[in-house]
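Okay, target.json now, which holds JSON, C-alpha atoms:
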[["chain", "number", "residue", "atom", "x", "y", "z"],
["A", 48, "MET", "CA", -5.33, 17.48, 0.71],
["A", 49, "ILE", "CA", -6.37, 15.76, -2.51],
["A", 50, "PHE", "CA", -6.51, 11.96, -2.46],
["A", 51, "HIS", "CA", -7.68, 9.68, -5.27],
["A", 52, "GLN", "CA", -7.88, 5.89, -5.38],
["A", 53, "ILE", "CA", -7.29, 4.74, -8.97],
["A", 54, "ASP", "CA", -8.41, 1.56, -10.71],
["A", 55, "ALA", "CA", -5.03, 0.55, -12.12],
["A", 56, "GLY", "CA", -6.11, -2.58, -13.98],
["A", 57, "GLY", "CA", -3.93, -5.67, -13.78],
["A", 58, "ASP", "CA", -4.98, -8.01, -11.00],
["A", 59, "ARG", "CA", -7.46, -5.60, -9.40],
["A", 60, "ASN", "CA", -4.59, -3.20, -8.70],
["A", 61, "PHE", "CA", -5.06, 0.15, -7.01],
["A", 62, "ALA", "CA", -2.86, 3.18, -7.57],
["A", 63, "TYR", "CA", -3.11, 6.52, -5.79],
["A", 64, "LEU", "CA", -2.75, 10.22, -6.51],
["A", 65, "VAL", "CA", -2.00, 12.48, -3.53],
["A", 66, "ALA", "CA", -1.64, 16.25, -3.75],
["A", 67, "ASP", "CA", -1.49, 19.09, -1.26],
["A", 68, "LYS", "CA", -4.11, 21.24, -3.03],
["A", 69, "PRO", "CA", -5.56, 22.11, -6.46],
["A", 70, "GLY", "CA", -2.76, 23.55, -8.54],
["A", 71, "GLY", "CA", -0.23, 22.16, -6.07],
["A", 72, "LYS", "CA", 2.27, 19.34, -5.92],
["A", 73, "ALA", "CA", 1.38, 15.68, -6.31],
["A", 74, "ALA", "CA", 2.71, 12.16, -5.90],
["A", 75, "LEU", "CA", 1.65, 9.02, -7.74],
["A", 76, "ILE", "CA", 1.82, 5.75, -5.80],
["A", 77, "ASP", "CA", 2.25, 2.50, -7.75],
["A", 78, "PRO", "CA", 0.88, 3.96, -11.02],
["A", 79, "PRO", "CA", -0.05, 1.66, -13.92],
["A", 80, "PRO", "CA", 1.68, 1.90, -17.31],
["A", 81, "ASN", "CA", -1.52, 3.21, -18.90],
["A", 82, "VAL", "CA", -1.36, 6.91, -18.05],
["A", 83, "ASP", "CA", -4.93, 7.37, -19.31],
["A", 84, "ARG", "CA", -6.14, 5.66, -16.13],
["A", 85, "TYR", "CA", -5.12, 8.69, -14.07],
["A", 86, "ARG", "CA", -4.21, 11.62, -16.33],
["A", 87, "ARG", "CA", -7.72, 13.08, -16.10],
["A", 88, "LEU", "CA", -7.34, 13.45, -12.33],
["A", 89, "ILE", "CA", -4.05, 15.30, -12.76],
["A", 90, "ASP", "CA", -5.57, 17.64, -15.33],
["A", 91, "GLU", "CA", -8.75, 18.29, -13.34],
["A", 92, "ASP", "CA", -6.81, 19.26, -10.21],
["A", 93, "SER", "CA", -4.08, 21.04, -12.23],
["A", 94, "VAL", "CA", -1.39, 19.43, -10.08],
["A", 95, "ASN", "CA", 2.29, 19.01, -10.82],
["A", 96, "VAL", "CA", 3.52, 15.44, -10.27],
["A", 97, "GLU", "CA", 6.78, 15.65, -8.35],
["A", 98, "TYR", "CA", 7.16, 12.06, -7.16],
["A", 99, "VAL", "CA", 6.27, 8.52, -8.11],
["A", 100, "ILE", "CA", 6.37, 6.31, -5.01],
["A", 101, "ILE", "CA", 6.86, 2.54, -5.13],
["A", 102, "THR", "CA", 5.42, 0.60, -2.20],
["A", 103, "HIS", "CA", 7.50, -2.48, -3.09],
["A", 104, "GLY", "CA", 9.46, -3.97, -5.92],
["A", 105, "HIS", "CA", 7.03, -6.52, -7.35],
["A", 106, "GLY", "CA", 6.43, -6.06, -11.04],
["A", 107, "ASP", "CA", 2.74, -5.21, -10.75],
["A", 108, "HIS", "CA", 3.68, -2.20, -8.61],
["A", 109, "THR", "CA", 6.73, -0.99, -10.53],
["A", 110, "TRP", "CA", 5.17, -1.53, -13.98],
["A", 111, "GLY", "CA", 4.18, 2.10, -14.56],
["A", 112, "VAL", "CA", 7.14, 3.89, -13.01],
["A", 113, "SER", "CA", 9.17, 4.42, -16.19],
["A", 114, "GLU", "CA", 6.19, 5.83, -18.08],
["A", 115, "ALA", "CA", 5.24, 8.16, -15.22],
["A", 116, "LYS", "CA", 8.79, 9.45, -15.04],
["A", 117, "ARG", "CA", 8.89, 9.94, -18.81],
["A", 118, "GLN", "CA", 5.56, 11.76, -18.86],
["A", 119, "PHE", "CA", 6.03, 14.01, -15.84],
["A", 120, "GLY", "CA", 9.75, 14.16, -15.12],
["A", 121, "CYS", "CA", 9.08, 13.14, -11.52],
["A", 122, "LYS", "CA", 11.50, 11.64, -9.00],
["A", 123, "VAL", "CA", 11.24, 7.96, -8.08],
["A", 124, "VAL", "CA", 10.88, 7.23, -4.35],
["A", 125, "ALA", "CA", 11.27, 3.75, -2.80],
["A", 126, "HIS", "CA", 12.79, 1.95, 0.14],
["A", 127, "SER", "CA", 16.57, 2.05, 0.22],
["A", 128, "SER", "CA", 16.78, -1.73, -0.27],
["A", 129, "LEU", "CA", 14.79, -1.75, -3.52],
["A", 130, "LEU", "CA", 16.87, -3.30, -6.29],
["A", 131, "LEU", "CA", 15.85, -0.69, -8.86],
["A", 132, "GLU", "CA", 17.24, 2.73, -9.65],
["A", 133, "THR", "CA", 15.61, 5.42, -7.53],
["A", 134, "ASP", "CA", 16.07, 9.16, -7.09],
["A", 135, "LEU", "CA", 15.09, 9.32, -3.44],
["A", 136, "PRO", "CA", 15.73, 6.23, -1.28],
["A", 137, "VAL", "CA", 13.79, 6.32, 1.99],
["A", 138, "ASP", "CA", 13.58, 4.35, 5.20],
["A", 139, "ASP", "CA", 11.34, 4.00, 8.24],
["A", 140, "GLY", "CA", 10.37, 7.34, 9.76],
["A", 141, "ASP", "CA", 11.39, 9.46, 6.79],
["A", 142, "THR", "CA", 9.03, 12.13, 5.48],
["A", 143, "ILE", "CA", 8.27, 13.14, 1.92],
["A", 144, "THR", "CA", 7.38, 16.80, 1.61],
["A", 145, "LEU", "CA", 4.65, 17.47, -0.91],
["A", 146, "GLY", "CA", 4.02, 21.19, -1.06],
["A", 147, "ASP", "CA", 2.07, 22.09, 2.07],
["A", 148, "ILE", "CA", 1.84, 18.53, 3.43],
["A", 149, "SER", "CA", 4.24, 15.84, 4.59],
["A", 150, "MET", "CA", 3.79, 12.11, 4.07],
["A", 151, "ASN", "CA", 5.33, 9.62, 6.48],
["A", 152, "VAL", "CA", 7.20, 6.50, 5.39],
["A", 153, "ILE", "CA", 6.54, 3.33, 7.40],
["A", 154, "TYR", "CA", 8.89, 0.43, 6.65],
["A", 155, "THR", "CA", 6.80, -2.75, 6.73],
["A", 156, "PRO", "CA", 8.76, -5.80, 5.55],
["A", 157, "GLY", "CA", 7.04, -9.15, 5.24],
["A", 158, "HIS", "CA", 5.27, -9.41, 1.91],
["A", 159, "SER", "CA", 8.61, -8.25, 0.52],
["A", 160, "ASP", "CA", 11.83, -7.08, 2.15],
["A", 161, "ASP", "CA", 11.55, -3.62, 0.56],
["A", 162, "HIS", "CA", 7.91, -2.90, 1.43],
["A", 163, "ILE", "CA", 6.83, 0.52, 2.68],
["A", 164, "CYS", "CA", 3.47, 2.07, 3.53],
["A", 165, "ILE", "CA", 2.71, 5.75, 3.06],
["A", 166, "LEU", "CA", 0.75, 7.73, 5.65],
["A", 167, "ALA", "CA", -0.73, 10.93, 4.23],
["A", 168, "GLY", "CA", -2.74, 12.68, 6.93],
["A", 169, "ASP", "CA", -5.27, 10.11, 8.14],
["A", 170, "LYS", "CA", -4.93, 7.96, 5.00],
["A", 171, "LEU", "CA", -2.65, 4.92, 4.93],
["A", 172, "VAL", "CA", -1.63, 3.46, 1.57],
["A", 173, "SER", "CA", -0.88, -0.07, 2.73],
["A", 174, "GLY", "CA", 0.41, -1.64, -0.47],
["A", 175, "ASP", "CA", 0.34, -5.43, -0.31],
["A", 176, "ILE", "CA", 0.86, -5.97, 3.41],
["A", 177, "LEU", "CA", -2.70, -5.19, 4.54],
["A", 178, "PHE", "CA", -5.89, -5.68, 2.55],
["A", 179, "VAL", "CA", -9.46, -5.35, 3.77],
["A", 180, "GLY", "CA", -10.06, -8.51, 5.78],
["A", 181, "LYS", "CA", -6.84, -10.12, 4.60],
["A", 182, "VAL", "CA", -3.06, -9.66, 4.61],
["A", 183, "GLY", "CA", -0.38, -9.98, 1.98],
["A", 184, "GLY", "CA", 1.13, -13.26, 0.92],
["A", 185, "THR", "CA", 4.39, -14.43, 2.48],
["A", 186, "ASP", "CA", 6.38, -17.57, 2.99],
["A", 187, "LEU", "CA", 5.62, -19.48, 6.17],
["A", 188, "GLY", "CA", 8.92, -18.64, 7.82],
["A", 189, "ASP", "CA", 10.80, -15.38, 8.14],
["A", 190, "GLY", "CA", 8.48, -13.53, 5.77],
["A", 191, "ALA", "CA", 5.43, -14.38, 7.86],
["A", 192, "ARG", "CA", 7.24, -13.39, 11.05],
["A", 193, "ARG", "CA", 8.30, -10.03, 9.64],
["A", 194, "GLU", "CA", 4.80, -9.35, 8.31],
["A", 195, "TYR", "CA", 3.26, -10.21, 11.69],
["A", 196, "GLU", "CA", 5.65, -7.81, 13.41],
["A", 197, "SER", "CA", 5.09, -5.05, 10.84],
["A", 198, "LEU", "CA", 1.33, -5.32, 11.25],
["A", 199, "HIS", "CA", 1.25, -5.38, 15.04],
["A", 200, "ARG", "CA", 4.21, -3.17, 15.97],
["A", 201, "LYS", "CA", 3.62, -0.50, 13.35],
["A", 202, "LEU", "CA", 0.30, -0.43, 11.49],
["A", 203, "MET", "CA", -1.91, -1.49, 14.39],
["A", 204, "THR", "CA", -0.43, 1.26, 16.55],
["A", 205, "LEU", "CA", -1.94, 3.91, 14.27],
["A", 206, "PRO", "CA", -5.16, 5.65, 15.39],
["A", 207, "ALA", "CA", -8.30, 3.56, 14.90],
["A", 208, "GLU", "CA", -9.80, 6.14, 12.54],
["A", 209, "THR", "CA", -6.85, 5.90, 10.14],
["A", 210, "GLN", "CA", -8.22, 5.00, 6.72],
["A", 211, "VAL", "CA", -6.66, 2.00, 4.98],
["A", 212, "TYR", "CA", -6.19, 1.98, 1.20],
["A", 213, "PRO", "CA", -4.64, -1.27, -0.09],
["A", 214, "GLY", "CA", -2.67, -2.10, -3.23],
["A", 215, "HIS", "CA", -5.33, -4.46, -4.61],
["A", 216, "ASP", "CA", -9.09, -4.81, -4.40],
["A", 217, "PHE", "CA", -8.70, -8.27, -2.87],
["A", 218, "GLY", "CA", -10.78, -7.77, 0.24],
["A", 219, "THR", "CA", -14.41, -7.25, 1.11],
["A", 220, "ALA", "CA", -14.27, -3.52, 0.27],
["A", 221, "PRO", "CA", -11.87, -1.12, -1.49],
["A", 222, "SER", "CA", -10.94, 0.60, 1.77],
["A", 223, "SER", "CA", -11.30, 0.27, 5.52],
["A", 224, "THR", "CA", -9.96, 1.68, 8.77],
["A", 225, "ILE", "CA", -7.36, 0.46, 11.23],
["A", 226, "GLY", "CA", -10.08, 0.13, 13.87],
["A", 227, "HIS", "CA", -12.31, -1.98, 11.64],
["A", 228, "GLU", "CA", -9.42, -4.24, 10.66],
["A", 229, "LYS", "CA", -8.44, -4.74, 14.30],
["A", 230, "GLU", "CA", -11.98, -5.87, 15.07],
["A", 231, "THR", "CA", -12.74, -8.00, 11.99],
["A", 232, "ASN", "CA", -9.62, -9.07, 10.09],
["A", 233, "PRO", "CA", -9.05, -12.75, 11.00],
["A", 234, "PHE", "CA", -5.29, -12.44, 10.58],
["A", 235, "LEU", "CA", -5.14, -9.53, 13.02],
["A", 236, "LEU", "CA", -7.27, -11.45, 15.51],
["A", 237, "CYS", "CA", -4.59, -14.13, 15.74],
["A", 238, "GLU", "CA", -3.06, -13.91, 19.21],
["A", 239, "SER", "CA", 0.32, -15.38, 18.29],
["A", 240, "LEU", "CA", 2.69, -15.75, 15.38],
["A", 241, "GLU", "CA", 1.99, -19.49, 15.39],
["A", 242, "SER", "CA", -1.75, -18.99, 14.92],
["A", 243, "PHE", "CA", -1.05, -16.34, 12.25],
["A", 244, "ILE", "CA", 1.05, -18.84, 10.27],
["A", 245, "ASP", "CA", -1.51, -21.58, 10.84],
["A", 246, "LEU", "CA", -4.23, -19.37, 9.35],
["A", 247, "LYS", "CA", -2.01, -18.68, 6.34],
["A", 248, "MET", "CA", -1.50, -22.41, 5.88],
["A", 249, "ASN", "CA", -5.22, -23.13, 6.13],
["A", 250, "TRP", "CA", -6.66, -19.97, 4.57],
["A", 251, "LEU", "CA", -8.57, -21.76, 1.81],
["A", 252, "ASP", "CA", -10.34, -23.99, 4.32],
["A", 253, "TYR", "CA", -11.04, -20.97, 6.56],
["A", 254, "LYS", "CA", -12.56, -19.02, 3.67],
["A", 255, "LYS", "CA", -14.79, -21.96, 2.70],
["A", 256, "LYS", "CA", -15.92, -22.49, 6.26],
["A", 257, "HIS", "CA", -16.79, -18.81, 6.81],
["A", 258, "GLY", "CA", -18.15, -18.08, 3.32],
["A", 259, "ILE", "CA", -15.40, -15.63, 2.40],
["A", 260, "LYS", "CA", -14.81, -14.98, -1.30]]

Just dump the structure as structure tokens.
Amino acid sequence: MIFHQIDAGGDRNFAYLVADKPGGKAALIDPPPNVDRYRRLIDEDSVNVEYVIITHGHGDHTWGVSEAKRQFGCKVVAHSSLLLETDLPVDDGDTITLGDISMNVIYTPGHSDDHICILAGDKLVSGDILFVGKVGGTDLGDGARREYESLHRKLMTLPAETQVYPGHDFGTAPSSTIGHEKETNPFLLCESLESFIDLKMNWLDYKKKHGIK
């Protein structure tokens, strides 16, 4: 499998290119509008882009979809609840076949109602629900509850060695593992939804106290 993390610009955005093999079939995840940020990778691996996958409907993750589709003629994949036109709506447990490999769709609402993560082999593209040492923003009500459940009931059940690749470089490193996040991420160390919400409410004070940037 080919897997590239891409500096997508914007607010420290990451995009991803996944392919089954050199000369094979590829998917772009949350690509930026500037195709020059990733075209070299496509050319070097001689891959054919079949899909552009949207992790969620926020503008800084859908911003490059139209250009990718225009450039490569690829199909747009997103959760079935996304309020944008898509070619392949997906839901929890669905698979996306990419040549010789299959990618699993994990529905993870919380940061947004239409949020999905993509599991390609041992690599999890976590979008904006899980960063390195942090989690995605939510309200302090139903959004926080749904995020807490998505994290604990779905993502934290993955093998510890699963590699985590977030949608932004907001954390202490550009990537991590599920095991490392379980052991170090303060939001995942919260033992209840109430303490999870309390940490969200007091995150700025927590960061100052613990010297977190």

Show me, as a PyMOL selection string, the residues that have an atom within 8 Å of stretch 171-181 of chain A when counting all atoms listed in the file, minus same-chain residues fewer than 6 positions from it.
chain A and resi 102-103+155+157-158+162-165+194+198+209-223+228+231-234

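In this structure, atom CA of A:Arg87 sits 13.4 Å away from atom CA of A:Pro69.
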
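Going from atom CA of A:Leu75 to atom CA of A:Trp110 covers 12.8 Å.
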
**Prompt:** So which one's closest to A:Gln52, A:Ser93, A:Lys170, A:Lys72, A:Gly183? Using all atoms listed in the file, please.
**Reply:**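 Of A:Ser93, A:Lys170, A:Lys72, A:Gly183, the one nearest A:Gln52, counting all atoms listed in the file, is A:Lys170.
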
Judged by all atoms listed in the file, the minimum distance to A:Gly111 among A:Leu135, A:Leu251, A:Val123, A:Val82 is found for A:Val82

* Asked: How far is it from atom CA of A:Gly120 to atom CA of A:Leu166, in Å with one decimal?
  ->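 These two atoms are separated by 23.5 Å.
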
If we draw a sphere of 9 Å around (-9.2, 17.2, -5.7), which residues have at least one atom in it when counting all atoms listed in the file? Please report them as a ChimeraX atom specification.
/A:48-51,65-66,68-69,88-89,91-92

Among A:Ser113, A:Thr144, A:Ser128, A:Gln118, A:Ala73 is approached most closely, using all atoms listed in the file, by A:Thr144
